[in-house]
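Heads up: the structure comes next, in structure tokens.
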Amino acid sequence: MIKVVGIRFKRAGKIYYFDPADLELTLEDKVIVETARGVEFGEVVVRPKLVAEEEVVPPLKRVIRKATGADDQQVEENRRKEKDAFHICLRKIHEHQLPMKLVDVEYTFDGNKIIFSFTAEGRVDFRELVKDLAAVFRTRIELRQIGVRDEAKMLGGVGSCGRILCCATFLGDFEPVSIRMAKDQRLSLNPTKISGICGRLMCCLKYENSSYDEGLVYKGAVEE
């Protein structure tokens, strides 16, 4: 068995596991960890626990330390800079007349990289844009093309149910959703009624689908 702690870097983001080392950590503790992207600021969402070694994807990186007040200030400063970077990137996209929609800008905690997320109908040649952005910010630049579901998760919104989008509040990962699920639940197949604001099938079609599957299996057994 190996001891791990679950860390999340964004609200409703994916949970990643780290080695808590000798730190005493509990829920909502803010921590500094080393990731593939560099040093990052995260929050404990799963208390330290023991899991089987085969459940862990190596290498298991360690939590460096608990976050300090200075770290909190750094995060706030990064958020401020992200807003400025967003407007600068919008202007550069317009200057290059690129067919892309800027969705989000994120600074890594240590400021060594800025990630610009965008949507587009097809492939976009943004090499000149990257050069311009690198000249302005003088740090590593990453442009990441995302899908419409990821866009909805980042921007948030209100679903047809009147509640804040599931993907923006608690769904860490997107699960496959099929039209078959709507059919099994005897829902209207009108696309406007079973699609979310992202234009894809609503994630909530997945929630009760297993119960309907069990019902169909039971019904088939009875009929036999």
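We name chains A, B, ... following the order of the structure tokens; residues begin at 1 in each chain, and ligands are numbered from 1 as shown.
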
Practice task
Give me every alpha helix (DSSP H) residue in segment 43-176 of chain A, going by DSSP on the backbone, as a PyMOL selection string.
Solution key: chain A and resi 69-96+127-137+148-155+166-169

Just the selected residues (N, CA and C atoms), exported as a short mmCIF file (atom, residue, chain, number, x, y, z; two decimals), in the first residue's frame, please.
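After the write, out.cif holds the following:
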```
data_model
loop_
_atom_site.label_atom_id
_atom_site.label_comp_id
_atom_site.auth_asym_id
_atom_site.auth_seq_id
_atom_site.Cartn_x
_atom_site.Cartn_y
_atom_site.Cartn_z
N GLY A 69 0.78 32.67 3.14
CA GLY A 69 0.06 33.89 2.75
C GLY A 69 0.67 34.51 1.51
N ALA A 70 1.99 34.43 1.39
CA ALA A 70 2.67 34.97 0.21
C ALA A 70 2.26 34.21 -1.05
N ASP A 71 2.04 32.91 -0.90
CA ASP A 71 1.60 32.10 -2.04
C ASP A 71 0.20 32.52 -2.47
N ASP A 72 -0.68 32.79 -1.50
CA ASP A 72 -2.03 33.24 -1.82
C ASP A 72 -1.97 34.56 -2.60
N GLN A 73 -1.08 35.44 -2.19
CA GLN A 73 -0.92 36.72 -2.87
C GLN A 73 -0.41 36.52 -4.30
N GLN A 74 0.48 35.53 -4.46
CA GLN A 74 1.01 35.23 -5.79
C GLN A 74 -0.11 34.75 -6.73
N VAL A 75 -1.00 33.93 -6.19
CA VAL A 75 -2.13 33.44 -6.98
C VAL A 75 -3.02 34.60 -7.41
N GLU A 76 -3.29 35.51 -6.48
CA GLU A 76 -4.12 36.67 -6.81
C GLU A 76 -3.45 37.55 -7.86
N GLU A 77 -2.14 37.71 -7.75
CA GLU A 77 -1.40 38.50 -8.74
C GLU A 77 -1.46 37.84 -10.11
N ASN A 78 -1.35 36.51 -10.13
CA ASN A 78 -1.46 35.78 -11.39
C ASN A 78 -2.84 35.98 -12.03
N ARG A 79 -3.89 35.98 -11.20
CA ARG A 79 -5.24 36.17 -11.74
C ARG A 79 -5.37 37.56 -12.37
N ARG A 80 -4.76 38.55 -11.74
CA ARG A 80 -4.79 39.90 -12.30
C ARG A 80 -4.07 39.94 -13.64
N LYS A 81 -2.90 39.32 -13.69
CA LYS A 81 -2.13 39.32 -14.93
C LYS A 81 -2.84 38.54 -16.04
N GLU A 82 -3.59 37.52 -15.65
CA GLU A 82 -4.33 36.74 -16.65
C GLU A 82 -5.36 37.61 -17.38
N LYS A 83 -5.98 38.52 -16.66
CA LYS A 83 -6.97 39.41 -17.28
C LYS A 83 -6.30 40.32 -18.30
N ASP A 84 -5.14 40.85 -17.93
CA ASP A 84 -4.40 41.71 -18.86
C ASP A 84 -3.95 40.92 -20.08
N ALA A 85 -3.45 39.69 -19.84
CA ALA A 85 -2.97 38.85 -20.93
C ALA A 85 -4.10 38.47 -21.88
N PHE A 86 -5.29 38.31 -21.34
CA PHE A 86 -6.45 37.96 -22.17
C PHE A 86 -6.72 39.05 -23.20
N HIS A 87 -6.73 40.31 -22.75
CA HIS A 87 -7.02 41.43 -23.65
C HIS A 87 -5.90 41.62 -24.67
N ILE A 88 -4.66 41.40 -24.23
CA ILE A 88 -3.54 41.53 -25.17
C ILE A 88 -3.63 40.46 -26.25
N CYS A 89 -3.95 39.24 -25.85
CA CYS A 89 -4.05 38.15 -26.82
C CYS A 89 -5.20 38.39 -27.79
N LEU A 90 -6.33 38.90 -27.29
CA LEU A 90 -7.45 39.21 -28.18
C LEU A 90 -7.02 40.19 -29.27
N ARG A 91 -6.27 41.19 -28.87
CA ARG A 91 -5.81 42.19 -29.83
C ARG A 91 -4.88 41.56 -30.87
N LYS A 92 -4.00 40.69 -30.42
CA LYS A 92 -3.05 40.03 -31.33
C LYS A 92 -3.78 39.10 -32.31
N ILE A 93 -4.81 38.40 -31.81
CA ILE A 93 -5.59 37.52 -32.67
C ILE A 93 -6.26 38.33 -33.77
N HIS A 94 -6.79 39.50 -33.39
CA HIS A 94 -7.44 40.38 -34.37
C HIS A 94 -6.43 40.89 -35.39
N GLU A 95 -5.24 41.26 -34.92
CA GLU A 95 -4.21 41.76 -35.83
C GLU A 95 -3.80 40.71 -36.85
N HIS A 96 -3.73 39.45 -36.42
CA HIS A 96 -3.33 38.37 -37.33
C HIS A 96 -4.53 37.79 -38.09
N ARG A 127 1.59 30.16 -35.32
CA ARG A 127 3.02 30.30 -35.04
C ARG A 127 3.44 31.76 -34.87
N GLU A 128 2.94 32.63 -35.73
CA GLU A 128 3.29 34.05 -35.62
C GLU A 128 2.69 34.67 -34.37
N LEU A 129 1.51 34.20 -34.00
CA LEU A 129 0.87 34.69 -32.78
C LEU A 129 1.70 34.33 -31.56
N VAL A 130 2.21 33.11 -31.53
CA VAL A 130 3.05 32.67 -30.42
C VAL A 130 4.30 33.54 -30.32
N LYS A 131 4.89 33.85 -31.45
CA LYS A 131 6.09 34.70 -31.44
C LYS A 131 5.78 36.08 -30.86
N ASP A 132 4.64 36.65 -31.28
CA ASP A 132 4.25 37.96 -30.77
C ASP A 132 4.01 37.93 -29.26
N LEU A 133 3.31 36.89 -28.80
CA LEU A 133 3.02 36.79 -27.37
C LEU A 133 4.28 36.57 -26.55
N ALA A 134 5.19 35.78 -27.08
CA ALA A 134 6.45 35.53 -26.37
C ALA A 134 7.26 36.82 -26.27
N ALA A 135 7.20 37.65 -27.31
CA ALA A 135 7.93 38.92 -27.29
C ALA A 135 7.35 39.88 -26.26
N VAL A 136 6.02 39.81 -26.06
CA VAL A 136 5.37 40.69 -25.10
C VAL A 136 5.61 40.22 -23.66
N PHE A 137 5.39 38.94 -23.41
CA PHE A 137 5.42 38.44 -22.03
C PHE A 137 6.78 37.87 -21.62
N VAL A 148 -15.80 22.17 -27.35
CA VAL A 148 -16.90 23.00 -26.85
C VAL A 148 -17.31 22.60 -25.43
N ARG A 149 -17.14 21.34 -25.07
CA ARG A 149 -17.48 20.93 -23.70
C ARG A 149 -16.49 21.55 -22.71
N ASP A 150 -15.22 21.58 -23.09
CA ASP A 150 -14.22 22.21 -22.23
C ASP A 150 -14.48 23.72 -22.12
N GLU A 151 -14.94 24.32 -23.21
CA GLU A 151 -15.26 25.74 -23.19
C GLU A 151 -16.37 26.02 -22.18
N ALA A 152 -17.42 25.20 -22.20
CA ALA A 152 -18.52 25.38 -21.27
C ALA A 152 -18.05 25.21 -19.83
N LYS A 153 -17.16 24.25 -19.62
CA LYS A 153 -16.62 24.00 -18.27
C LYS A 153 -15.85 25.21 -17.76
N MET A 154 -15.07 25.83 -18.65
CA MET A 154 -14.26 26.98 -18.25
C MET A 154 -15.10 28.24 -18.01
N LEU A 155 -16.07 28.47 -18.90
CA LEU A 155 -16.85 29.70 -18.83
C LEU A 155 -18.03 29.62 -17.87
N CYS A 166 -23.19 21.43 -14.44
CA CYS A 166 -22.51 20.37 -13.68
C CYS A 166 -21.01 20.39 -13.94
N CYS A 167 -20.63 20.57 -15.22
CA CYS A 167 -19.22 20.51 -15.57
C CYS A 167 -18.42 21.63 -14.93
N ALA A 168 -19.10 22.74 -14.60
CA ALA A 168 -18.41 23.88 -14.01
C ALA A 168 -18.42 23.86 -12.49
N THR A 169 -19.16 22.90 -11.90
CA THR A 169 -19.27 22.87 -10.44
C THR A 169 -18.67 21.63 -9.79
#
```

For Lys206 of chain A: contacts at 10 Å, only C-alpha atoms, fewer than 5 positions along chain excluded, given as a PDB file with N, CA and C atoms, in the first residue's frame:
```
ATOM      1  N   GLU A 175     -17.675  12.173 -19.143  1.00  0.00           N
ATOM      2  CA  GLU A 175     -17.914  10.779 -19.470  1.00  0.00           C
ATOM      3  C   GLU A 175     -18.683  10.698 -20.787  1.00  0.00           C
ATOM      4  N   PRO A 176     -18.494   9.617 -21.547  1.00  0.00           N
ATOM      5  CA  PRO A 176     -19.204   9.480 -22.824  1.00  0.00           C
ATOM      6  C   PRO A 176     -20.718   9.471 -22.618  1.00  0.00           C
ATOM      7  N   VAL A 177     -21.428  10.206 -23.458  1.00  0.00           N
ATOM      8  CA  VAL A 177     -22.892  10.256 -23.419  1.00  0.00           C
ATOM      9  C   VAL A 177     -23.397   9.931 -24.817  1.00  0.00           C
ATOM     10  N   SER A 178     -24.376   9.033 -24.909  1.00  0.00           N
ATOM     11  CA  SER A 178     -24.876   8.615 -26.220  1.00  0.00           C
ATOM     12  C   SER A 178     -26.371   8.857 -26.355  1.00  0.00           C
ATOM     13  N   MET A 181     -28.780   6.522 -24.539  1.00  0.00           N
ATOM     14  CA  MET A 181     -29.173   6.800 -23.164  1.00  0.00           C
ATOM     15  C   MET A 181     -30.504   7.541 -23.127  1.00  0.00           C
ATOM     16  N   ALA A 182     -30.674   8.489 -24.024  1.00  0.00           N
ATOM     17  CA  ALA A 182     -31.934   9.244 -24.092  1.00  0.00           C
ATOM     18  C   ALA A 182     -33.078   8.326 -24.503  1.00  0.00           C
ATOM     19  N   LEU A 201     -24.728  16.434 -26.194  1.00  0.00           N
ATOM     20  CA  LEU A 201     -25.704  15.782 -25.320  1.00  0.00           C
ATOM     21  C   LEU A 201     -25.407  16.112 -23.854  1.00  0.00           C
TER      22      LEU A 201
END
```

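Minimum distance to Val45 of chain A across A:Val63, A:Ala21, A:Ile2, A:Ala12 (counting only C-alpha atoms) occurs at A:Ala12.
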
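Picture a line from atom CA of Asn112 of chain A to atom CA of Val5 of chain A; it runs 25.4 Å.
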
Exercise for the section: Per DSSP on the backbone, filter segment 92-136 of chain A down to the residues in strand (DSSP E or B) and report them as a list of chain:residue names. Expected result: A:Lys101, A:Leu102, A:Val103, A:Asp104, A:Val105, A:Glu106, A:Tyr107, A:Lys113, A:Ile114, A:Ile115, A:Phe116, A:Ser117, A:Phe118, A:Thr119

Counting only C-alpha atoms, give me one row per residue of segment 100-162 of chain A with an atom at most 7 Å from an atom of segment 26-40 of chain A, showing the shortest contact pair and its distance in Å to one decimal, sorted by chain then residue number, as CSV.
```
residue,atom,partner,partner_atom,distance
A:Thr108,CA,A:Glu40,CA,6.4
A:Phe109,CA,A:Glu40,CA,5.0
A:Asp110,CA,A:Val39,CA,6.0
```

Exercise for the section: Could you tell me how far atom CA of Asp19 of chain A lies from atom CA of Ile7 of chain A, in Å and to one decimal? Expected result: 10.3 Å

Handout entry: Non-local contacts of Ile179 of chain A (12 Å; only C-alpha atoms; under 2 positions in same chain excluded) as a list in words
Key = Pro176, Val177, Met181, Ala182, Lys183, Asp184, Gln185, Arg186, Leu187, Ser188, Leu189, Asn190, Pro191, Ile194, Ser195, Arg200, Leu201, Met202, Cys203, Leu205, Lys206 and Asn209 of chain A

Residues as selected, C-alpha atoms, written as a JSON list (two decimals), in the first residue's frame, can you do that?
```
[["chain", "number", "residue", "atom", "x", "y", "z"],
["A", 176, "PRO", "CA", -19.20, 9.48, -22.82],
["A", 177, "VAL", "CA", -22.89, 10.26, -23.42],
["A", 181, "MET", "CA", -29.17, 6.80, -23.16],
["A", 182, "ALA", "CA", -31.93, 9.24, -24.09],
["A", 183, "LYS", "CA", -33.84, 6.48, -25.89],
["A", 184, "ASP", "CA", -33.60, 4.09, -22.93],
["A", 185, "GLN", "CA", -34.94, 6.83, -20.65],
["A", 186, "ARG", "CA", -37.77, 7.53, -23.11],
["A", 187, "LEU", "CA", -36.82, 11.17, -23.43],
["A", 188, "SER", "CA", -37.67, 13.40, -26.35],
["A", 189, "LEU", "CA", -35.03, 13.05, -29.06],
["A", 190, "ASN", "CA", -35.41, 16.70, -29.98],
["A", 191, "PRO", "CA", -31.79, 17.96, -29.99],
["A", 194, "ILE", "CA", -31.38, 16.90, -24.70],
["A", 195, "SER", "CA", -28.39, 19.10, -25.54],
["A", 200, "ARG", "CA", -23.48, 18.34, -27.06],
["A", 201, "LEU", "CA", -25.70, 15.78, -25.32],
["A", 202, "MET", "CA", -26.29, 16.76, -21.69],
["A", 203, "CYS", "CA", -23.93, 15.13, -19.20],
["A", 205, "LEU", "CA", -28.19, 11.79, -19.27],
["A", 206, "LYS", "CA", -25.45, 9.61, -17.78],
["A", 209, "ASN", "CA", -28.63, 5.55, -17.09]]
```

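The nearest approach to Arg8 of chain A among the residues A:Phe170, A:Tyr207, A:Gly199, A:Asp22, with only C-alpha atoms taken into account, belongs to A:Phe170.
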
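If you measure from each of A:Gly6, A:Pro58, A:Gly162, A:Pro99 to Phe18 of chain A using only C-alpha atoms, the closest one turns out to be A:Gly6.
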